[in-house]
2 protein chains.
Amino acid sequence: MKNKYELIYEGKAKKVFSHEDLEKVIIEFKDDATAFNALKKAKFEGKGKLNCLISAKIFEFLKKNNIPTHFLELKNENTMIAKKIKVIPLEIVLRNIAYGSLCKQTTIKPGTKLTKPLIDIYLKNDELNDPLITKDRIKLMNILESKDLDIIIDLTLKINGILQSFFKNIQLQLVDFKLEFGYDLKNNILLGDEISPDNCRLWDLNQKNDIIVSLDKDRFRNDLGGLIEAYSEINRRINDFFKLTK
Amino acid sequence: MKNKYELIYEGKAKKVFSHEDLEKVIIEFKDDATAFNALKKAKFEGKGKLNCLISAKIFEFLKKNNIPTHFLELKNENTMIAKKIKVIPLEIVLRNIAYGSLCKQTTIKPGTKLTKPLIDIYLKNDELNDPLITKDRIKLMNILESKDLDIIIDLTLKINGILQSFFKNIQLQLVDFKLEFGYDLKNNILLGDEISPDNCRLWDLNQKNDIIVSLDKDRFRNDLGGLIEAYSEINRRINDFFKLTK
């Protein structure tokens, strides 16, 4: 006898529940925030709701632009219904501007505009602290077929093109972002996880000077304060954009 | 007014001095040992001499097998004369068997025989703790031209073929090794640094059971004791081999 909504998986920022339809899951966005591989933790009331609403809008926009995603519909403000996927244990990070860990692992200066997008791949493994992984190591570990890795990288580059211009429209610089993919029950590759200020670096372009104003999880990582205010501002700009373009 | 032998560079395990011939340098092998990015340090009397003698023999053998190296001749037991090179700041690690850091950064079990050699590249940068680096990051940092990276990887695979059979002849399993390359004054790519139990994992094949007996720096890394005895054994086997094949 199964409970109607059984907890299938709990991550750092989300809970995944079963759905009566076996091809679907319910994803609940939590208020928890973690950084530096969960060495730093906090809770921000309202973050789960904001990330859920922002992700839903962006997933819809990506879907209109022919990107296959797991998103189906909002269930309520902090819960969405998504296709059930088998998550590929890789985090695909695309960087347009050098910032964060890249600058701690190379001699590239923070803020450097990259001549072309850089894709960094990390192994999704909490015990190992999500280490950077090379394509050769991925092949060796038999995580996925080479052609599927190529598909995922290609999708990530396409998503970057779509999101860069989307965010530019609402005066945000897309610095970098992290994606996760998975296979649906028919073995199609879908974009999973979320697209929110938790996994996108977004800098305010409404700044007359060269000061970086982060409207993303760096407010928590770097103790800048005003996280909920920043996420709310992102949500407001996205909503305004869709009202205008309706 | 220059000193005859001016110290040009001091690394963790070697000192490099100028030579009256500007195309040459003098490399002195130190007794210092470091591990885990110099978090662990010690001194082993006689290690410098053993690594210098072992490296000289192996460089000579590689030269006979058409691998371009910086080695010219032994000056004395712990000092060699080499071509002056501009070191490329990359450490090229080739692995035949999974061991060490690879197994801490992936889910591959220690001792796994790899279906084909894995090449891991690290940025040679003490301040950054020599981090793993991807080919895309190397390109972005303009460390070297793509074609030169291909040449280096190709040389590393060739060296692996030569050294695997060489060590097998003297009952040693070549588990993995780290190489460094550089440009000579005519811009030729040469193998630099050293080839010794400091940067090769060598397991004794004279074992009837499956117990791993490390005859390399793992004796220091993993507090196994008997480092000098192990390095002496490697040196003895190499000398015996060359006496027999003369």
# chains A, B, ... in the order shown; residues from 1 in each chain; ligands from 1
>>> closest_atom_pairs(of="region 46-152 of chain A", to="region 133-138 of chain B", cutoff="10 Å", atoms="only C-alpha atoms", output="tab-separated table")
residue	atom	partner	partner_atom	distance
A:Leu102	CA	B:Arg137	CA	8.9
A:Gln105	CA	B:Ile133	CA	8.0
A:Thr106	CA	B:Arg137	CA	8.0
A:Ile108	CA	B:Arg137	CA	9.4
A:Pro117	CA	B:Asp136	CA	9.7
A:Leu118	CA	B:Asp136	CA	6.8
A:Ile119	CA	B:Asp136	CA	7.5
A:Asp120	CA	B:Thr134	CA	7.9
A:Ile121	CA	B:Thr134	CA	9.2
A:Leu132	CA	B:Ile133	CA	8.3
A:Ile133	CA	B:Thr134	CA	7.9
A:Thr134	CA	B:Thr134	CA	5.9
A:Lys135	CA	B:Thr134	CA	8.2
A:Asp136	CA	B:Thr134	CA	9.7
>>> select_by_dssp(residues="region 82-196 of chain B", states="strand (DSSP E)", output="PyMOL selection string")
chain B and resi 82-83+86-87+90-97+113-123+132-133+172-179+181-183+189-191
>>> closest_residue(among="B:Tyr5, B:Tyr122, B:Phe29, B:Phe36", to="chain A", atoms="only C-alpha atoms")
B:Tyr122
>>> select_by_dssp(residues="region 24-201 of chain A", states="helix (DSSP H, G or I)", output="PyMOL selection string")
chain A and resi 47-64+101-105+126-128+135-140+146-169
>>> atom_distance(atom1="CA of Leu53 (chain B)", atom2="CA of Glu77 (chain B)")
6.4 Å
>>> residues_around(residues="Ile234 (chain A)", least_positions_apart="4", cutoff="9 Å", atoms="only C-alpha atoms", output="list in words")
Leu50, Ile54, Ile170, Leu172, Ser196, Pro197, Leu202, Leu215, Asp216, Glu229, Ala230, Ile238 and Asn239 of chain A
>>> residues_around(residues="Lys12 (chain B)", least_positions_apart="2", cutoff="10 Å", atoms="only C-alpha atoms", output="list of chain:residue names")
B:Glu10, B:Lys14, B:Lys15, B:Phe29, B:Lys30, B:Asp31, B:Asp32, B:Ala33, B:Thr34, B:Ala35, B:Asn37, B:Ala38, B:Lys41, B:Asp126
>>> atom_distance(atom1="CA of Arg221 (chain B)", atom2="CA of Thr79 (chain B)")
24.9 Å
>>> residues_around(residues="region 16-25 of chain B", least_positions_apart="6", cutoff="8 Å", atoms="only C-alpha atoms", output="ChimeraX atom specification")
/B:4-10,81-84,185
>>> residues_around(residues="region 174-179 of chain A", least_positions_apart="5", cutoff="7 Å", atoms="only C-alpha atoms", output="list in words")
Glu91, Ile92, Val93, Leu94, Arg95, Asn96, Ile97, Gln164, Phe167, Asn199, Cys200, Arg201, Leu202 and Trp203 of chain A
>>> write_last_selection(atoms="N, CA and C atoms", output="mmCIF file, in the first residue's frame")
data_model
loop_
_atom_site.group_PDB
_atom_site.id
_atom_site.type_symbol
_atom_site.label_atom_id
_atom_site.label_comp_id
_atom_site.auth_asym_id
_atom_site.auth_seq_id
_atom_site.Cartn_x
_atom_site.Cartn_y
_atom_site.Cartn_z
ATOM 1 N N GLU A 91 26.647 17.739 -13.571
ATOM 2 C CA GLU A 91 26.215 19.134 -13.541
ATOM 3 C C GLU A 91 26.932 19.848 -14.676
ATOM 4 N N ILE A 92 26.145 20.394 -15.602
ATOM 5 C CA ILE A 92 26.740 21.052 -16.767
ATOM 6 C C ILE A 92 26.725 22.559 -16.501
ATOM 7 N N VAL A 93 27.898 23.134 -16.359
ATOM 8 C CA VAL A 93 27.995 24.566 -16.085
ATOM 9 C C VAL A 93 28.460 25.273 -17.352
ATOM 10 N N LEU A 94 27.710 26.287 -17.764
ATOM 11 C CA LEU A 94 28.146 27.106 -18.898
ATOM 12 C C LEU A 94 28.494 28.495 -18.373
ATOM 13 N N ARG A 95 29.653 28.993 -18.796
ATOM 14 C CA ARG A 95 30.128 30.296 -18.320
ATOM 15 C C ARG A 95 30.323 31.260 -19.488
ATOM 16 N N ASN A 96 29.695 32.439 -19.397
ATOM 17 C CA ASN A 96 29.942 33.506 -20.373
ATOM 18 C C ASN A 96 30.986 34.489 -19.851
ATOM 19 N N ILE A 97 31.022 34.624 -18.539
ATOM 20 C CA ILE A 97 31.982 35.517 -17.868
ATOM 21 C C ILE A 97 32.646 34.688 -16.768
ATOM 22 N N GLN A 164 20.462 34.020 -22.653
ATOM 23 C CA GLN A 164 21.231 35.267 -22.687
ATOM 24 C C GLN A 164 20.378 36.418 -23.206
ATOM 25 N N PHE A 167 17.363 37.194 -20.718
ATOM 26 C CA PHE A 167 17.744 37.976 -19.532
ATOM 27 C C PHE A 167 18.184 39.397 -19.907
ATOM 28 N N ASN A 199 20.862 28.743 -9.367
ATOM 29 C CA ASN A 199 21.858 28.101 -10.243
ATOM 30 C C ASN A 199 22.213 28.904 -11.491
ATOM 31 N N CYS A 200 21.815 30.194 -11.498
ATOM 32 C CA CYS A 200 22.262 31.119 -12.552
ATOM 33 C C CYS A 200 22.924 32.310 -11.866
ATOM 34 N N ARG A 201 24.078 32.743 -12.353
ATOM 35 C CA ARG A 201 24.595 34.037 -11.885
ATOM 36 C C ARG A 201 24.007 35.113 -12.780
ATOM 37 N N LEU A 202 23.335 36.072 -12.158
ATOM 38 C CA LEU A 202 22.655 37.140 -12.891
ATOM 39 C C LEU A 202 23.098 38.481 -12.323
ATOM 40 N N TRP A 203 23.674 39.305 -13.195
ATOM 41 C CA TRP A 203 24.139 40.626 -12.742
ATOM 42 C C TRP A 203 23.203 41.697 -13.302
#
>>> closest_residue(among="B:Pro131, B:Leu74, B:Tyr183, B:Leu205", to="Asp148 (chain B)", atoms="only C-alpha atoms")
B:Tyr183
>>> residues_around(residues="Ile143 (chain B)", least_positions_apart="5", cutoff="10 Å", atoms="only C-alpha atoms", output="count of residues only")
7
>>> closest_residue(among="B:Lys64, B:Lys104, B:Lys168, B:Arg219", to="chain A", atoms="only C-alpha atoms")
B:Lys104
>>> atom_distance(atom1="CA of Lys116 (chain B)", atom2="CA of Leu140 (chain A)")
8.6 Å
>>> closest_residue(among="A:Cys103, A:Tyr231, A:Lys186, A:Glu145", to="chain B", atoms="only C-alpha atoms")
A:Cys103
>>> closest_residue(among="B:Val213, B:Ile159, B:Ala13, B:Met80", to="Gly225 (chain B)", atoms="only C-alpha atoms")
B:Val213
>>> closest_residue(among="A:Met141, A:Ser101, A:Leu224, A:Lys243", to="chain B", atoms="only C-alpha atoms")
A:Met141
